[in-house]
Amino acid sequence: MQWIGKALGGLLGLMTGGPIGAAIGVVIGHQFDAGSGAGRLGGPGMGGAGASAAQIGERFFRTTFQVMGHVAKADGRVSEQEIQAARAVMSQLRLTPEQVHVAIACFTEGKAPQFALPAALAALYSACGGRPDLMHAFVEIQMRAALAGNDLQPTARRLLQDIARRLGLSGIEFAHVEAVLRMRRNGYAGGGSSAAGIDGEARLAQAYKVLECTPQNTNEELSLAYRRQLSRHHPDKLKANGLPDSMLEHAKERTQQIIQAWELVRERRGI
């Protein structure tokens, strides 16, 4: 399926925030498709089994919608809102009718009682070589759909936590992903107290999560955490580690969120 890279790029592009990010991701995916016939992916963490780019892309795409269907069915039924949340992801990706057909089929497979979640996740992890950036992206996409579909209700939350654990994410990383997505959804915009849809104390709590800290941390610990987060997500560092130029916009957005979180915490604590 030569379109699979564009769909994968679109999935990753969703993390830049909506249809524009998805469009950027499709460009990334075109590069992915163009190189998929050139051999197998190499580099640290990219699969001891030597999976090709096309194989990784197809596995990622199919598993994304299978697991999305499985999470939606976690409480025993799939609501209309959860169906619309899945269709919203497909729409944001600008999938062709053929791609939508495949995505719906995978979503339906995931809803089935016989769907083997552990095996599907193990196969995804193996195909991607356990690469942290892809595992993180996968969990973020699942959480995006779950938040839109059922606001991450307890049953879905427990299942997603198990999925994240199987893919190598820690509890702190899971909380960090949720905090960032909720901030985006609620219009988090940095300092001040007038961000739409969320009060000042909730915004402050989310800012601590973005920095992977708590109010109990000292000012020095917060400063170190801020610098650590900036270093981890800095576009230049990610580019040096192999992130394509076309994905740097996501890194810039994440860096801006870290700066905004730090500014809010620093203002409240008088640092």
# chains A, B, ... in the order shown; residues from 1 in each chain; ligands from 1

call {"tool": "residues_around", "arguments": {"residues": "Ile104 (chain A)", "least_positions_apart": "2", "cutoff": "9 Å", "atoms": "only C-alpha atoms", "output": "PyMOL selection string"}}
result
chain A and resi 65-66+69+86-87+99-102+106-109

call {"tool": "write_last_selection", "arguments": {"atoms": "N, CA, C and O atoms", "output": "mmCIF file, in the first residue's frame"}}
result
data_model
loop_
_atom_site.group_PDB
_atom_site.id
_atom_site.type_symbol
_atom_site.label_atom_id
_atom_site.label_comp_id
_atom_site.auth_asym_id
_atom_site.auth_seq_id
_atom_site.Cartn_x
_atom_site.Cartn_y
_atom_site.Cartn_z
ATOM 1 N N PHE A 65 -5.731 2.013 14.309
ATOM 2 C CA PHE A 65 -7.190 1.980 14.265
ATOM 3 C C PHE A 65 -7.767 0.730 14.930
ATOM 4 O O PHE A 65 -8.880 0.769 15.461
ATOM 5 N N GLN A 66 -7.012 -0.369 14.942
ATOM 6 C CA GLN A 66 -7.471 -1.535 15.693
ATOM 7 C C GLN A 66 -7.559 -1.211 17.182
ATOM 8 O O GLN A 66 -8.566 -1.496 17.846
ATOM 9 N N GLY A 69 -10.377 1.151 18.098
ATOM 10 C CA GLY A 69 -11.648 0.450 18.221
ATOM 11 C C GLY A 69 -11.739 -0.332 19.517
ATOM 12 O O GLY A 69 -12.793 -0.372 20.168
ATOM 13 N N ALA A 86 -13.381 8.776 16.206
ATOM 14 C CA ALA A 86 -12.539 8.015 15.275
ATOM 15 C C ALA A 86 -12.645 8.593 13.866
ATOM 16 O O ALA A 86 -11.641 8.728 13.152
ATOM 17 N N ARG A 87 -13.859 8.945 13.463
ATOM 18 C CA ARG A 87 -14.041 9.521 12.128
ATOM 19 C C ARG A 87 -13.367 10.888 12.028
ATOM 20 O O ARG A 87 -12.901 11.271 10.952
ATOM 21 N N GLN A 99 -8.565 4.449 1.933
ATOM 22 C CA GLN A 99 -7.919 4.481 3.239
ATOM 23 C C GLN A 99 -8.945 4.441 4.368
ATOM 24 O O GLN A 99 -8.740 3.770 5.379
ATOM 25 N N VAL A 100 -10.055 5.181 4.190
ATOM 26 C CA VAL A 100 -11.114 5.168 5.190
ATOM 27 C C VAL A 100 -11.680 3.759 5.337
ATOM 28 O O VAL A 100 -11.948 3.293 6.453
ATOM 29 N N HIS A 101 -11.838 3.064 4.210
ATOM 30 C CA HIS A 101 -12.351 1.691 4.231
ATOM 31 C C HIS A 101 -11.434 0.795 5.070
ATOM 32 O O HIS A 101 -11.910 -0.008 5.891
ATOM 33 N N VAL A 102 -10.126 0.923 4.863
ATOM 34 C CA VAL A 102 -9.161 0.119 5.626
ATOM 35 C C VAL A 102 -9.202 0.499 7.103
ATOM 36 O O VAL A 102 -9.212 -0.369 7.987
ATOM 37 N N CYS A 106 -10.180 -1.902 10.265
ATOM 38 C CA CYS A 106 -9.283 -2.130 11.397
ATOM 39 C C CYS A 106 -9.967 -1.762 12.713
ATOM 40 O O CYS A 106 -9.823 -2.465 13.722
ATOM 41 N N PHE A 107 -10.714 -0.656 12.723
ATOM 42 C CA PHE A 107 -11.467 -0.239 13.909
ATOM 43 C C PHE A 107 -12.448 -1.341 14.316
ATOM 44 O O PHE A 107 -12.568 -1.675 15.502
ATOM 45 N N THR A 108 -13.112 -1.922 13.319
ATOM 46 C CA THR A 108 -14.073 -2.998 13.582
ATOM 47 C C THR A 108 -13.371 -4.240 14.116
ATOM 48 O O THR A 108 -13.871 -4.904 15.037
ATOM 49 N N GLU A 109 -12.200 -4.567 13.569
ATOM 50 C CA GLU A 109 -11.423 -5.700 14.080
ATOM 51 C C GLU A 109 -11.090 -5.496 15.555
ATOM 52 O O GLU A 109 -11.145 -6.433 16.360
#

call {"tool": "select_by_dssp", "arguments": {"residues": "region 58-243 of chain A", "states": "alpha helix (DSSP H)", "output": "VMD selection string"}}
result
chain A and resid 58 to 72 80 to 92 97 to 111 117 to 127 132 to 150 154 to 166 171 to 185 200 to 210 219 to 233 235 to 240

call {"tool": "closest_residue", "arguments": {"among": "A:Ala156, A:Ile163, A:Ala123, A:Val210", "to": "Glu178 (chain A)", "atoms": "only C-alpha atoms"}}
result
A:Val210

call {"tool": "residues_around", "arguments": {"residues": "Glu82 (chain A)", "least_positions_apart": "3", "cutoff": "7 Å", "atoms": "only C-alpha atoms", "output": "MDAnalysis selection string"}}
result
chainID A and resid 72 78:79 85:86 149:150

call {"tool": "residues_around", "arguments": {"residues": "Ala261 (chain A)", "least_positions_apart": "3", "cutoff": "7 Å", "atoms": "only C-alpha atoms", "output": "compact mmCIF listing (two decimals) with N, CA, C and O atoms, in the first residue's frame"}}
result
# COMPACT_ATOMS: atom_id res chain seq x y z
N GLY A 190 -0.38 29.71 28.08
CA GLY A 190 0.71 30.29 28.85
C GLY A 190 0.25 31.13 30.01
O GLY A 190 -0.78 30.90 30.60
N ALA A 207 0.60 22.80 34.20
CA ALA A 207 1.94 23.30 33.92
C ALA A 207 2.99 22.48 34.67
O ALA A 207 4.06 22.17 34.13
N VAL A 210 3.52 19.30 32.75
CA VAL A 210 4.34 19.49 31.56
C VAL A 210 5.82 19.48 31.92
O VAL A 210 6.65 18.95 31.19
N GLN A 257 5.31 25.13 24.55
CA GLN A 257 4.47 24.75 25.68
C GLN A 257 5.29 24.64 26.96
O GLN A 257 4.83 25.01 28.04
N ILE A 258 6.50 24.11 26.85
CA ILE A 258 7.38 23.99 28.02
C ILE A 258 7.73 25.38 28.55
O ILE A 258 7.70 25.62 29.76
N LEU A 264 4.52 30.31 33.70
CA LEU A 264 3.38 30.34 34.62
C LEU A 264 3.81 29.93 36.03
O LEU A 264 3.47 30.59 37.02
N VAL A 265 4.57 28.82 36.13
CA VAL A 265 5.04 28.36 37.44
C VAL A 265 5.97 29.40 38.07
O VAL A 265 5.87 29.69 39.27

call {"tool": "closest_residue", "arguments": {"among": "A:Leu95, A:Val89, A:Ile141, A:Ala164", "to": "Pro118 (chain A)", "atoms": "only C-alpha atoms"}}
result
A:Ala164

call {"tool": "closest_residue", "arguments": {"among": "A:Pro97, A:Val177, A:Ile172, A:His234", "to": "Cys213 (chain A)", "atoms": "only C-alpha atoms"}}
result
A:Ile172

call {"tool": "closest_residue", "arguments": {"among": "A:Ala137, A:Ile259, A:Ala148, A:Leu181", "to": "Leu169 (chain A)", "atoms": "only C-alpha atoms"}}
result
A:Ala137

call {"tool": "atom_distance", "arguments": {"atom1": "CA of Ala122 (chain A)", "atom2": "CA of Val67 (chain A)"}}
result
12.4 Å

call {"tool": "residues_around", "arguments": {"residues": "Gln161 (chain A)", "least_positions_apart": "3", "cutoff": "10 Å", "atoms": "only C-alpha atoms", "output": "ChimeraX atom specification"}}
result
/A:139,143,156-158,164-167,169-171,174-175

call {"tool": "closest_residue", "arguments": {"among": "A:Arg268, A:Gln92, A:Arg227, A:Asn217", "to": "Glu201 (chain A)", "atoms": "only C-alpha atoms"}}
result
A:Arg268

call {"tool": "closest_residue", "arguments": {"among": "A:Ala116, A:Ala103, A:Ala88, A:Leu124", "to": "Ile56 (chain A)", "atoms": "only C-alpha atoms"}}
result
A:Leu124

call {"tool": "atom_distance", "arguments": {"atom1": "CA of Lys111 (chain A)", "atom2": "CA of Glu98 (chain A)"}}
result
20.3 Å
